[in-house]
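Novice: Structure incoming, see below.
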Amino acid sequence: MIVIGGGAAGFFCAVNAARQDPQLDVVIVEKSNKLLSKVRISGGGRCNVTHACFSIADMIKKYPRGNTFLKKAFHHFFTTDTIAWFKERGVELKTENDGRMFPVSNTSQTIIDCLMKEANKYGVEIMMNAEVRSIKKERDQFQIRLNDNRELAADLICIASGGYPKSVQFEWLKNIGHTIDEPVPSLFTFNMPGNTITALMGVVAENVLVKIAGTKLAEQGPLLITHWGMSGPAVLKLSAWGARELQQKNYAFTITVNWTPVFNENTLREKMQQLRFDIASQKIINRNPFGLPNRLWEYLLVESNIADTLRWADLPAKEQNKLIKNLCAQEFAVKGKTTFKEEFVTAGGIQLNEVDFNTMESKIMPGIFFAGEVLNVDGVTGGFNFQHAWTSGWLAARAIALKAG
């Protein structure tokens with residue numbers, strides 16, 4: 001059996017198949033000279049293994065594409081199974097406040113060591129610098145041709161090659177009869193060239209509502225201001241849900257930001273009247289009543305033409321209206337995107353109606369299985385893409401071991 005791809009899904013498939021059928025010869029074929037590279041860099045080098053969500057109905061809401069497919073797959077192997085699998089192998093996971101789960105050791109090396117140890121234990125062979133060019137079925141066997149013209153033979157194959165940014169890179173999979181949903185980037189940050197807000201780079205607003213003008217797309221959560229624009233969970237989630245729509249707009253669109261999502265313009269106007277009465281004598285710049293970072297508050301006052309010396313009691317109606325607008329619905333023009341390096345994900349891949357969700361086996365060419373990002377499944381940031389990798393890898397492994405046995 002050959003696994004194409006030495007990432008999370010490929011490794012999980014290989015080690016579980018080898019464990020379940022000790023007679024099976026398992027070989028991982030990896031095109032680069034690195035194994036588990038996304039595992040290594042994910043979560044700032046800590047590896048965001050999964051998410052502490054134990055309801056399938058809630059979990060599938062985190063996948064812009066593939067949620068119906070996963071709803072069925074998760075019934076076989078879910079977050080609880082992932083946590084138990086690593087625990088059985090001596091890797092304890094911990095949950096952070098936002099639900100993300102990391103190894104207690106706080107380093108991705110723990111996950112890599114665990115998977116490598118399993119591979120060694122069950123005799124999984126690893127071939128590096130071996131890129132697959134084509135797969136053909138001849139009689140009962142698959143012939144795999146590599147880019148250096150070497151040929152490998154296998155009875156069963158799991159394709160866990162990851163996502164590709166260009167549709168031409170899927171050609172070898174189209175050649176075995178599969179249909180590809182056009183790949184587009186997901187999980188990217190918003191560029192705002194020349195916008196004055198970029199002077200606040202490094203500032204985090206903990207709870208912000210971001211909307212894309214002219215669409216129904218909206219997300220709430222932390223927002224990070226960067227030297228090129230905006231990032232953070234609210235923006236990354238928005239980019240995932242809007243992956244196809246934003247590509248069609250050529251990444252030129254307008255967003256509105258509500259820096260105080262507990263208010264809308266009407267309720268904030270009432271709050272302002274109260275503030276003018278309660279803290280009348282205080283300077284507006286010194287008294288930020290909305291819990292915003294100070295640099296952001298000062299920036300919003302400048303944008304609203306409010307002088308440093310102005311007191312709450314003396315706030316003119318025109319400037320007050322401008323401040324309300326900037327707090328609740330400040331507009332920013334977005335022109336372009338920046339790939340969020342460690343979380344880079346592609347939307348698109350193998351069409352899901354061509355794959356059996358119980359086994360991950362191809363309905364087009366039996367004996368070929370899929371796992372991970374090569375499928376048209378992608379999640380928002382927070383451990384959801386890894387959970388899909390573990391689930392699909394495990395299901396493929398179980399089915400392969402049964403078929404081989």
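A note on labels: chains of the structure tokens are A, B, ... as shown, every chain counts residues from 1, and ligands are counted from 1 in their shown order.
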Among region 26-162 of chain A, which residues does DSSP mark as strand (DSSP E or B) when it is run on the backbone? Keep the chain and numbering as in the structure and answer as a PDB file with all heavy atoms, in the first residue's frame.
Specialist:
```
ATOM      1  N   VAL A  27       4.109   2.249   2.491  1.00  0.00           N
ATOM      2  CA  VAL A  27       5.156   3.180   2.080  1.00  0.00           C
ATOM      3  C   VAL A  27       4.546   4.575   1.942  1.00  0.00           C
ATOM      4  O   VAL A  27       3.520   4.744   1.275  1.00  0.00           O
ATOM      5  CB  VAL A  27       5.770   2.775   0.710  1.00  0.00           C
ATOM      6  CG1 VAL A  27       6.897   3.741   0.327  1.00  0.00           C
ATOM      7  CG2 VAL A  27       6.272   1.344   0.743  1.00  0.00           C
ATOM      8  N   ILE A  28       5.166   5.565   2.606  1.00  0.00           N
ATOM      9  CA  ILE A  28       4.770   6.967   2.410  1.00  0.00           C
ATOM     10  C   ILE A  28       5.693   7.561   1.352  1.00  0.00           C
ATOM     11  O   ILE A  28       6.917   7.459   1.462  1.00  0.00           O
ATOM     12  CB  ILE A  28       4.892   7.781   3.723  1.00  0.00           C
ATOM     13  CG1 ILE A  28       3.872   7.302   4.762  1.00  0.00           C
ATOM     14  CG2 ILE A  28       4.697   9.274   3.449  1.00  0.00           C
ATOM     15  CD1 ILE A  28       4.034   7.964   6.141  1.00  0.00           C
ATOM     16  N   VAL A  29       5.096   8.173   0.329  1.00  0.00           N
ATOM     17  CA  VAL A  29       5.855   8.816  -0.743  1.00  0.00           C
ATOM     18  C   VAL A  29       5.645  10.324  -0.613  1.00  0.00           C
ATOM     19  O   VAL A  29       4.525  10.822  -0.755  1.00  0.00           O
ATOM     20  CB  VAL A  29       5.366   8.314  -2.125  1.00  0.00           C
ATOM     21  CG1 VAL A  29       6.085   9.047  -3.246  1.00  0.00           C
ATOM     22  CG2 VAL A  29       5.578   6.820  -2.255  1.00  0.00           C
ATOM     23  N   THR A  50      -6.587  19.861  17.455  1.00  0.00           N
ATOM     24  CA  THR A  50      -8.021  19.777  17.177  1.00  0.00           C
ATOM     25  C   THR A  50      -8.706  20.893  17.955  1.00  0.00           C
ATOM     26  O   THR A  50      -8.039  21.804  18.463  1.00  0.00           O
ATOM     27  CB  THR A  50      -8.592  18.383  17.535  1.00  0.00           C
ATOM     28  OG1 THR A  50      -9.975  18.324  17.133  1.00  0.00           O
ATOM     29  CG2 THR A  50      -8.477  18.074  19.022  1.00  0.00           C
ATOM     30  N   HIS A  51     -10.042  20.827  18.027  1.00  0.00           N
ATOM     31  CA  HIS A  51     -10.807  21.849  18.741  1.00  0.00           C
ATOM     32  C   HIS A  51     -11.693  21.150  19.767  1.00  0.00           C
ATOM     33  O   HIS A  51     -12.258  20.088  19.483  1.00  0.00           O
ATOM     34  CB  HIS A  51     -11.673  22.641  17.754  1.00  0.00           C
ATOM     35  CG  HIS A  51     -12.077  23.983  18.272  1.00  0.00           C
ATOM     36  ND1 HIS A  51     -11.329  25.122  18.060  1.00  0.00           N
ATOM     37  CD2 HIS A  51     -13.138  24.372  19.020  1.00  0.00           C
ATOM     38  CE1 HIS A  51     -11.910  26.155  18.639  1.00  0.00           C
ATOM     39  NE2 HIS A  51     -13.015  25.723  19.236  1.00  0.00           N
ATOM     40  N   ARG A  65     -16.679  24.519   3.405  1.00  0.00           N
ATOM     41  CA  ARG A  65     -16.922  23.526   2.365  1.00  0.00           C
ATOM     42  C   ARG A  65     -16.739  22.124   2.944  1.00  0.00           C
ATOM     43  O   ARG A  65     -15.803  21.873   3.682  1.00  0.00           O
ATOM     44  CB  ARG A  65     -15.957  23.723   1.181  1.00  0.00           C
ATOM     45  CG  ARG A  65     -16.363  24.909   0.282  1.00  0.00           C
ATOM     46  CD  ARG A  65     -15.187  25.599  -0.360  1.00  0.00           C
ATOM     47  NE  ARG A  65     -14.408  26.329   0.635  1.00  0.00           N
ATOM     48  CZ  ARG A  65     -14.643  27.591   1.002  1.00  0.00           C
ATOM     49  NH1 ARG A  65     -15.615  28.278   0.440  1.00  0.00           N
ATOM     50  NH2 ARG A  65     -13.899  28.182   1.923  1.00  0.00           N
ATOM     51  N   LEU A  93      -3.357  16.401  25.608  1.00  0.00           N
ATOM     52  CA  LEU A  93      -3.708  17.683  24.998  1.00  0.00           C
ATOM     53  C   LEU A  93      -4.354  18.581  26.044  1.00  0.00           C
ATOM     54  O   LEU A  93      -4.966  18.106  26.995  1.00  0.00           O
ATOM     55  CB  LEU A  93      -4.675  17.480  23.827  1.00  0.00           C
ATOM     56  CG  LEU A  93      -4.205  16.560  22.688  1.00  0.00           C
ATOM     57  CD1 LEU A  93      -5.277  16.492  21.598  1.00  0.00           C
ATOM     58  CD2 LEU A  93      -2.891  17.038  22.090  1.00  0.00           C
ATOM     59  N   LYS A  94      -4.204  19.891  25.851  1.00  0.00           N
ATOM     60  CA  LYS A  94      -4.845  20.856  26.761  1.00  0.00           C
ATOM     61  C   LYS A  94      -5.704  21.804  25.928  1.00  0.00           C
ATOM     62  O   LYS A  94      -5.446  22.031  24.744  1.00  0.00           O
ATOM     63  CB  LYS A  94      -3.790  21.647  27.538  1.00  0.00           C
ATOM     64  CG  LYS A  94      -2.867  22.429  26.619  1.00  0.00           C
ATOM     65  CD  LYS A  94      -1.949  23.381  27.354  1.00  0.00           C
ATOM     66  CE  LYS A  94      -1.086  24.146  26.350  1.00  0.00           C
ATOM     67  NZ  LYS A  94      -0.271  25.161  26.946  1.00  0.00           N
ATOM     68  N   THR A  95      -6.720  22.380  26.577  1.00  0.00           N
ATOM     69  CA  THR A  95      -7.650  23.270  25.877  1.00  0.00           C
ATOM     70  C   THR A  95      -7.414  24.711  26.304  1.00  0.00           C
ATOM     71  O   THR A  95      -7.337  25.005  27.493  1.00  0.00           O
ATOM     72  CB  THR A  95      -9.109  22.885  26.212  1.00  0.00           C
ATOM     73  OG1 THR A  95      -9.280  21.504  25.924  1.00  0.00           O
ATOM     74  CG2 THR A  95     -10.097  23.695  25.391  1.00  0.00           C
ATOM     75  N   ARG A 100      -9.186  26.001  21.237  1.00  0.00           N
ATOM     76  CA  ARG A 100      -8.112  25.321  20.503  1.00  0.00           C
ATOM     77  C   ARG A 100      -7.381  24.358  21.432  1.00  0.00           C
ATOM     78  O   ARG A 100      -7.172  24.666  22.597  1.00  0.00           O
ATOM     79  CB  ARG A 100      -7.117  26.344  19.928  1.00  0.00           C
ATOM     80  CG  ARG A 100      -7.694  27.198  18.813  1.00  0.00           C
ATOM     81  CD  ARG A 100      -6.666  28.180  18.270  1.00  0.00           C
ATOM     82  NE  ARG A 100      -6.134  29.043  19.327  1.00  0.00           N
ATOM     83  CZ  ARG A 100      -4.982  29.690  19.238  1.00  0.00           C
ATOM     84  NH1 ARG A 100      -4.214  29.577  18.159  1.00  0.00           N
ATOM     85  NH2 ARG A 100      -4.577  30.471  20.232  1.00  0.00           N
ATOM     86  N   MET A 101      -6.983  23.215  20.892  1.00  0.00           N
ATOM     87  CA  MET A 101      -6.291  22.201  21.699  1.00  0.00           C
ATOM     88  C   MET A 101      -4.862  22.011  21.202  1.00  0.00           C
ATOM     89  O   MET A 101      -4.622  21.866  20.009  1.00  0.00           O
ATOM     90  CB  MET A 101      -7.053  20.877  21.670  1.00  0.00           C
ATOM     91  CG  MET A 101      -8.441  20.987  22.279  1.00  0.00           C
ATOM     92  SD  MET A 101      -9.197  19.374  22.585  1.00  0.00           S
ATOM     93  CE  MET A 101      -8.326  18.848  24.066  1.00  0.00           C
ATOM     94  N   PHE A 102      -3.928  22.013  22.153  1.00  0.00           N
ATOM     95  CA  PHE A 102      -2.499  21.873  21.877  1.00  0.00           C
ATOM     96  C   PHE A 102      -1.918  20.775  22.754  1.00  0.00           C
ATOM     97  O   PHE A 102      -2.481  20.459  23.804  1.00  0.00           O
ATOM     98  CB  PHE A 102      -1.767  23.184  22.214  1.00  0.00           C
ATOM     99  CG  PHE A 102      -2.160  24.353  21.353  1.00  0.00           C
ATOM    100  CD1 PHE A 102      -3.177  25.215  21.743  1.00  0.00           C
ATOM    101  CD2 PHE A 102      -1.510  24.596  20.148  1.00  0.00           C
ATOM    102  CE1 PHE A 102      -3.545  26.292  20.949  1.00  0.00           C
ATOM    103  CE2 PHE A 102      -1.867  25.676  19.350  1.00  0.00           C
ATOM    104  CZ  PHE A 102      -2.881  26.521  19.745  1.00  0.00           C
ATOM    105  N   PRO A 103      -0.763  20.217  22.362  1.00  0.00           N
ATOM    106  CA  PRO A 103      -0.098  19.307  23.298  1.00  0.00           C
ATOM    107  C   PRO A 103       0.316  20.070  24.557  1.00  0.00           C
ATOM    108  O   PRO A 103       0.680  21.249  24.472  1.00  0.00           O
ATOM    109  CB  PRO A 103       1.131  18.808  22.521  1.00  0.00           C
ATOM    110  CG  PRO A 103       1.310  19.738  21.374  1.00  0.00           C
ATOM    111  CD  PRO A 103      -0.027  20.349  21.091  1.00  0.00           C
ATOM    112  N   GLU A 125       7.582   2.487   5.685  1.00  0.00           N
ATOM    113  CA  GLU A 125       8.751   2.968   4.939  1.00  0.00           C
ATOM    114  C   GLU A 125       8.448   4.384   4.422  1.00  0.00           C
ATOM    115  O   GLU A 125       7.308   4.690   4.091  1.00  0.00           O
ATOM    116  CB  GLU A 125       9.004   2.023   3.752  1.00  0.00           C
ATOM    117  CG  GLU A 125      10.315   2.258   3.049  1.00  0.00           C
ATOM    118  CD  GLU A 125      10.430   1.449   1.753  1.00  0.00           C
ATOM    119  OE1 GLU A 125       9.841   0.354   1.661  1.00  0.00           O
ATOM    120  OE2 GLU A 125      11.093   1.951   0.834  1.00  0.00           O
ATOM    121  N   ILE A 126       9.472   5.228   4.380  1.00  0.00           N
ATOM    122  CA  ILE A 126       9.259   6.611   3.914  1.00  0.00           C
ATOM    123  C   ILE A 126      10.223   6.920   2.775  1.00  0.00           C
ATOM    124  O   ILE A 126      11.434   6.721   2.906  1.00  0.00           O
ATOM    125  CB  ILE A 126       9.462   7.611   5.076  1.00  0.00           C
ATOM    126  CG1 ILE A 126       8.417   7.364   6.173  1.00  0.00           C
ATOM    127  CG2 ILE A 126       9.346   9.052   4.572  1.00  0.00           C
ATOM    128  CD1 ILE A 126       8.676   8.084   7.486  1.00  0.00           C
ATOM    129  N   MET A 127       9.662   7.387   1.659  1.00  0.00           N
ATOM    130  CA  MET A 127      10.479   7.826   0.513  1.00  0.00           C
ATOM    131  C   MET A 127      10.346   9.332   0.381  1.00  0.00           C
ATOM    132  O   MET A 127       9.229   9.849   0.282  1.00  0.00           O
ATOM    133  CB  MET A 127       9.982   7.188  -0.791  1.00  0.00           C
ATOM    134  CG  MET A 127      10.297   5.722  -0.945  1.00  0.00           C
ATOM    135  SD  MET A 127       9.523   5.049  -2.452  1.00  0.00           S
ATOM    136  CE  MET A 127      10.463   5.843  -3.726  1.00  0.00           C
ATOM    137  N   VAL A 132       4.849  12.309  -7.378  1.00  0.00           N
ATOM    138  CA  VAL A 132       4.070  11.432  -8.262  1.00  0.00           C
ATOM    139  C   VAL A 132       3.655  12.202  -9.517  1.00  0.00           C
ATOM    140  O   VAL A 132       3.130  13.313  -9.436  1.00  0.00           O
ATOM    141  CB  VAL A 132       2.831  10.883  -7.528  1.00  0.00           C
ATOM    142  CG1 VAL A 132       1.941  10.088  -8.479  1.00  0.00           C
ATOM    143  CG2 VAL A 132       3.257  10.015  -6.352  1.00  0.00           C
ATOM    144  N   ARG A 133       3.912  11.562 -10.671  1.00  0.00           N
ATOM    145  CA  ARG A 133       3.532  12.186 -11.945  1.00  0.00           C
ATOM    146  C   ARG A 133       2.234  11.581 -12.479  1.00  0.00           C
ATOM    147  O   ARG A 133       1.411  12.289 -13.041  1.00  0.00           O
ATOM    148  CB  ARG A 133       4.674  12.000 -12.952  1.00  0.00           C
ATOM    149  CG  ARG A 133       4.458  12.749 -14.248  1.00  0.00           C
ATOM    150  CD  ARG A 133       5.679  12.677 -15.138  1.00  0.00           C
ATOM    151  NE  ARG A 133       6.723  13.600 -14.711  1.00  0.00           N
ATOM    152  CZ  ARG A 133       7.934  13.632 -15.246  1.00  0.00           C
ATOM    153  NH1 ARG A 133       8.267  12.782 -16.195  1.00  0.00           N
ATOM    154  NH2 ARG A 133       8.823  14.509 -14.820  1.00  0.00           N
ATOM    155  N   SER A 134       2.073  10.274 -12.326  1.00  0.00           N
ATOM    156  CA  SER A 134       0.848   9.647 -12.848  1.00  0.00           C
ATOM    157  C   SER A 134       0.543   8.343 -12.110  1.00  0.00           C
ATOM    158  O   SER A 134       1.431   7.721 -11.509  1.00  0.00           O
ATOM    159  CB  SER A 134       0.992   9.358 -14.344  1.00  0.00           C
ATOM    160  OG  SER A 134       1.977   8.351 -14.544  1.00  0.00           O
ATOM    161  N   ILE A 135      -0.735   7.957 -12.160  1.00  0.00           N
ATOM    162  CA  ILE A 135      -1.192   6.675 -11.615  1.00  0.00           C
ATOM    163  C   ILE A 135      -1.971   5.971 -12.722  1.00  0.00           C
ATOM    164  O   ILE A 135      -2.848   6.577 -13.343  1.00  0.00           O
ATOM    165  CB  ILE A 135      -2.134   6.877 -10.405  1.00  0.00           C
ATOM    166  CG1 ILE A 135      -1.419   7.623  -9.274  1.00  0.00           C
ATOM    167  CG2 ILE A 135      -2.669   5.543  -9.896  1.00  0.00           C
ATOM    168  CD1 ILE A 135      -2.343   8.029  -8.123  1.00  0.00           C
ATOM    169  N   LYS A 136      -1.653   4.704 -12.954  1.00  0.00           N
ATOM    170  CA  LYS A 136      -2.408   3.905 -13.937  1.00  0.00           C
ATOM    171  C   LYS A 136      -2.753   2.577 -13.297  1.00  0.00           C
ATOM    172  O   LYS A 136      -1.991   2.046 -12.489  1.00  0.00           O
ATOM    173  CB  LYS A 136      -1.552   3.638 -15.183  1.00  0.00           C
ATOM    174  CG  LYS A 136      -1.415   4.817 -16.134  1.00  0.00           C
ATOM    175  CD  LYS A 136      -0.963   4.344 -17.521  1.00  0.00           C
ATOM    176  CE  LYS A 136      -0.923   5.508 -18.523  1.00  0.00           C
ATOM    177  NZ  LYS A 136       0.273   6.341 -18.348  1.00  0.00           N
ATOM    178  N   LYS A 137      -3.918   2.040 -13.699  1.00  0.00           N
ATOM    179  CA  LYS A 137      -4.270   0.703 -13.196  1.00  0.00           C
ATOM    180  C   LYS A 137      -3.987  -0.300 -14.305  1.00  0.00           C
ATOM    181  O   LYS A 137      -4.476  -0.139 -15.425  1.00  0.00           O
ATOM    182  CB  LYS A 137      -5.739   0.656 -12.781  1.00  0.00           C
ATOM    183  CG  LYS A 137      -6.073  -0.652 -12.084  1.00  0.00           C
ATOM    184  CD  LYS A 137      -7.231  -0.531 -11.121  1.00  0.00           C
ATOM    185  CE  LYS A 137      -7.247  -1.761 -10.213  1.00  0.00           C
ATOM    186  NZ  LYS A 137      -8.393  -1.787  -9.327  1.00  0.00           N
ATOM    187  N   GLU A 138      -3.161  -1.282 -13.993  1.00  0.00           N
ATOM    188  CA  GLU A 138      -2.866  -2.344 -14.954  1.00  0.00           C
ATOM    189  C   GLU A 138      -3.206  -3.672 -14.305  1.00  0.00           C
ATOM    190  O   GLU A 138      -2.625  -4.032 -13.279  1.00  0.00           O
ATOM    191  CB  GLU A 138      -1.394  -2.279 -15.381  1.00  0.00           C
ATOM    192  CG  GLU A 138      -1.108  -1.054 -16.249  1.00  0.00           C
ATOM    193  CD  GLU A 138       0.365  -0.907 -16.604  1.00  0.00           C
ATOM    194  OE1 GLU A 138       1.144  -1.848 -16.318  1.00  0.00           O
ATOM    195  OE2 GLU A 138       0.723   0.148 -17.156  1.00  0.00           O
ATOM    196  N   GLN A 141      -3.265  -4.167 -10.346  1.00  0.00           N
ATOM    197  CA  GLN A 141      -2.327  -3.321  -9.604  1.00  0.00           C
ATOM    198  C   GLN A 141      -2.274  -1.902 -10.148  1.00  0.00           C
ATOM    199  O   GLN A 141      -2.524  -1.668 -11.326  1.00  0.00           O
ATOM    200  CB  GLN A 141      -0.923  -3.940  -9.662  1.00  0.00           C
ATOM    201  CG  GLN A 141      -0.639  -4.852  -8.490  1.00  0.00           C
ATOM    202  CD  GLN A 141       0.865  -4.949  -8.243  1.00  0.00           C
ATOM    203  OE1 GLN A 141       1.661  -4.914  -9.168  1.00  0.00           O
ATOM    204  NE2 GLN A 141       1.253  -5.071  -6.979  1.00  0.00           N
ATOM    205  N   PHE A 142      -1.929  -0.984  -9.248  1.00  0.00           N
ATOM    206  CA  PHE A 142      -1.689   0.399  -9.667  1.00  0.00           C
ATOM    207  C   PHE A 142      -0.203   0.589  -9.954  1.00  0.00           C
ATOM    208  O   PHE A 142       0.644   0.115  -9.193  1.00  0.00           O
ATOM    209  CB  PHE A 142      -2.111   1.375  -8.557  1.00  0.00           C
ATOM    210  CG  PHE A 142      -3.596   1.384  -8.306  1.00  0.00           C
ATOM    211  CD1 PHE A 142      -4.126   0.745  -7.188  1.00  0.00           C
ATOM    212  CD2 PHE A 142      -4.465   2.028  -9.182  1.00  0.00           C
ATOM    213  CE1 PHE A 142      -5.498   0.741  -6.954  1.00  0.00           C
ATOM    214  CE2 PHE A 142      -5.834   2.034  -8.953  1.00  0.00           C
ATOM    215  CZ  PHE A 142      -6.351   1.390  -7.844  1.00  0.00           C
ATOM    216  N   GLN A 143       0.087   1.282 -11.042  1.00  0.00           N
ATOM    217  CA  GLN A 143       1.461   1.658 -11.369  1.00  0.00           C
ATOM    218  C   GLN A 143       1.606   3.157 -11.112  1.00  0.00           C
ATOM    219  O   GLN A 143       0.861   3.961 -11.671  1.00  0.00           O
ATOM    220  CB  GLN A 143       1.785   1.346 -12.840  1.00  0.00           C
ATOM    221  CG  GLN A 143       1.617  -0.121 -13.220  1.00  0.00           C
ATOM    222  CD  GLN A 143       2.530  -1.047 -12.426  1.00  0.00           C
ATOM    223  OE1 GLN A 143       3.699  -0.727 -12.205  1.00  0.00           O
ATOM    224  NE2 GLN A 143       1.991  -2.180 -11.977  1.00  0.00           N
ATOM    225  N   ILE A 144       2.546   3.508 -10.257  1.00  0.00           N
ATOM    226  CA  ILE A 144       2.774   4.912  -9.923  1.00  0.00           C
ATOM    227  C   ILE A 144       4.101   5.340 -10.531  1.00  0.00           C
ATOM    228  O   ILE A 144       5.146   4.753 -10.240  1.00  0.00           O
ATOM    229  CB  ILE A 144       2.822   5.101  -8.384  1.00  0.00           C
ATOM    230  CG1 ILE A 144       1.480   4.707  -7.771  1.00  0.00           C
ATOM    231  CG2 ILE A 144       3.187   6.543  -8.025  1.00  0.00           C
ATOM    232  CD1 ILE A 144       1.472   4.717  -6.261  1.00  0.00           C
ATOM    233  N   ARG A 145       4.047   6.363 -11.395  1.00  0.00           N
ATOM    234  CA  ARG A 145       5.272   6.866 -12.005  1.00  0.00           C
ATOM    235  C   ARG A 145       5.695   8.146 -11.290  1.00  0.00           C
ATOM    236  O   ARG A 145       4.885   9.052 -11.083  1.00  0.00           O
ATOM    237  CB  ARG A 145       5.057   7.142 -13.497  1.00  0.00           C
ATOM    238  CG  ARG A 145       6.339   7.615 -14.211  1.00  0.00           C
ATOM    239  CD  ARG A 145       6.080   7.856 -15.689  1.00  0.00           C
ATOM    240  NE  ARG A 145       5.961   6.606 -16.416  1.00  0.00           N
ATOM    241  CZ  ARG A 145       7.003   5.925 -16.920  1.00  0.00           C
ATOM    242  NH1 ARG A 145       8.230   6.383 -16.763  1.00  0.00           N
ATOM    243  NH2 ARG A 145       6.812   4.814 -17.581  1.00  0.00           N
ATOM    244  N   LEU A 146       6.960   8.210 -10.896  1.00  0.00           N
ATOM    245  CA  LEU A 146       7.499   9.384 -10.210  1.00  0.00           C
ATOM    246  C   LEU A 146       8.147  10.340 -11.210  1.00  0.00           C
ATOM    247  O   LEU A 146       8.381   9.982 -12.363  1.00  0.00           O
ATOM    248  CB  LEU A 146       8.532   8.952  -9.149  1.00  0.00           C
ATOM    249  CG  LEU A 146       8.022   7.991  -8.070  1.00  0.00           C
ATOM    250  CD1 LEU A 146       9.147   7.617  -7.119  1.00  0.00           C
ATOM    251  CD2 LEU A 146       6.860   8.588  -7.295  1.00  0.00           C
ATOM    252  N   GLU A 151       9.284   3.749 -11.171  1.00  0.00           N
ATOM    253  CA  GLU A 151       7.919   3.227 -11.081  1.00  0.00           C
ATOM    254  C   GLU A 151       7.737   2.424  -9.812  1.00  0.00           C
ATOM    255  O   GLU A 151       8.621   1.683  -9.390  1.00  0.00           O
ATOM    256  CB  GLU A 151       7.587   2.364 -12.311  1.00  0.00           C
ATOM    257  CG  GLU A 151       7.406   3.187 -13.579  1.00  0.00           C
ATOM    258  CD  GLU A 151       6.347   2.613 -14.513  1.00  0.00           C
ATOM    259  OE1 GLU A 151       5.919   1.467 -14.304  1.00  0.00           O
ATOM    260  OE2 GLU A 151       5.953   3.328 -15.455  1.00  0.00           O
ATOM    261  N   LEU A 152       6.575   2.614  -9.170  1.00  0.00           N
ATOM    262  CA  LEU A 152       6.221   1.846  -7.977  1.00  0.00           C
ATOM    263  C   LEU A 152       4.910   1.122  -8.267  1.00  0.00           C
ATOM    264  O   LEU A 152       4.072   1.618  -9.021  1.00  0.00           O
ATOM    265  CB  LEU A 152       6.016   2.777  -6.770  1.00  0.00           C
ATOM    266  CG  LEU A 152       7.139   3.763  -6.445  1.00  0.00           C
ATOM    267  CD1 LEU A 152       6.671   4.738  -5.361  1.00  0.00           C
ATOM    268  CD2 LEU A 152       8.393   3.039  -5.981  1.00  0.00           C
ATOM    269  N   ALA A 153       4.731  -0.034  -7.640  1.00  0.00           N
ATOM    270  CA  ALA A 153       3.484  -0.782  -7.815  1.00  0.00           C
ATOM    271  C   ALA A 153       2.792  -0.920  -6.459  1.00  0.00           C
ATOM    272  O   ALA A 153       3.449  -1.040  -5.425  1.00  0.00           O
ATOM    273  CB  ALA A 153       3.773  -2.151  -8.401  1.00  0.00           C
ATOM    274  N   ALA A 154       1.473  -0.860  -6.468  1.00  0.00           N
ATOM    275  CA  ALA A 154       0.709  -0.987  -5.220  1.00  0.00           C
ATOM    276  C   ALA A 154      -0.668  -1.563  -5.494  1.00  0.00           C
ATOM    277  O   ALA A 154      -1.255  -1.310  -6.550  1.00  0.00           O
ATOM    278  CB  ALA A 154       0.567   0.374  -4.550  1.00  0.00           C
ATOM    279  N   ILE A 157      -3.924   2.495  -2.762  1.00  0.00           N
ATOM    280  CA  ILE A 157      -3.268   3.808  -2.666  1.00  0.00           C
ATOM    281  C   ILE A 157      -4.136   4.737  -1.837  1.00  0.00           C
ATOM    282  O   ILE A 157      -5.363   4.761  -1.999  1.00  0.00           O
ATOM    283  CB  ILE A 157      -3.087   4.449  -4.066  1.00  0.00           C
ATOM    284  CG1 ILE A 157      -2.136   3.620  -4.939  1.00  0.00           C
ATOM    285  CG2 ILE A 157      -2.560   5.885  -3.958  1.00  0.00           C
ATOM    286  CD1 ILE A 157      -2.017   4.130  -6.371  1.00  0.00           C
ATOM    287  N   CYS A 158      -3.488   5.508  -0.940  1.00  0.00           N
ATOM    288  CA  CYS A 158      -4.193   6.627  -0.292  1.00  0.00           C
ATOM    289  C   CYS A 158      -3.530   7.914  -0.774  1.00  0.00           C
ATOM    290  O   CYS A 158      -2.323   8.096  -0.605  1.00  0.00           O
ATOM    291  CB  CYS A 158      -4.119   6.540   1.225  1.00  0.00           C
ATOM    292  SG  CYS A 158      -4.918   7.975   2.003  1.00  0.00           S
ATOM    293  N   ILE A 159      -4.328   8.797  -1.369  1.00  0.00           N
ATOM    294  CA  ILE A 159      -3.805  10.083  -1.855  1.00  0.00           C
ATOM    295  C   ILE A 159      -4.089  11.139  -0.789  1.00  0.00           C
ATOM    296  O   ILE A 159      -5.237  11.469  -0.504  1.00  0.00           O
ATOM    297  CB  ILE A 159      -4.444  10.467  -3.202  1.00  0.00           C
ATOM    298  CG1 ILE A 159      -4.075   9.421  -4.271  1.00  0.00           C
ATOM    299  CG2 ILE A 159      -3.994  11.864  -3.640  1.00  0.00           C
ATOM    300  CD1 ILE A 159      -4.817   9.561  -5.576  1.00  0.00           C
TER     301      ILE A 159
END
```
Novice: Taking 5 positions as the minimum chain separation for residues in the same chain, which residues sit within 8 Å of Ala130 (chain A) when counting only C-alpha atoms? Answer as a PyMOL selection string.
Specialist: chain A and resi 29-32+146-148
Novice: Pick out the residues sitting within 8 Å of Thr82 (chain A), and hand them over as a list in words; count only C-alpha atoms, and ignore anything fewer than 5 positions along from it in its own chain.
Specialist: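 Skipping anything fewer than 5 positions along the chain leaves Thr50, Phe77, Gln387 and Trp390 of chain A.
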Novice: May I ask which of the residues A:Gly99, A:Gly221, A:Pro22, A:Gly90 is the closest one to Pro261 (chain A), counting only C-alpha atoms?
Specialist: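 Of the candidates, the smallest distance to Pro261 (chain A) is held by A:Gly221.
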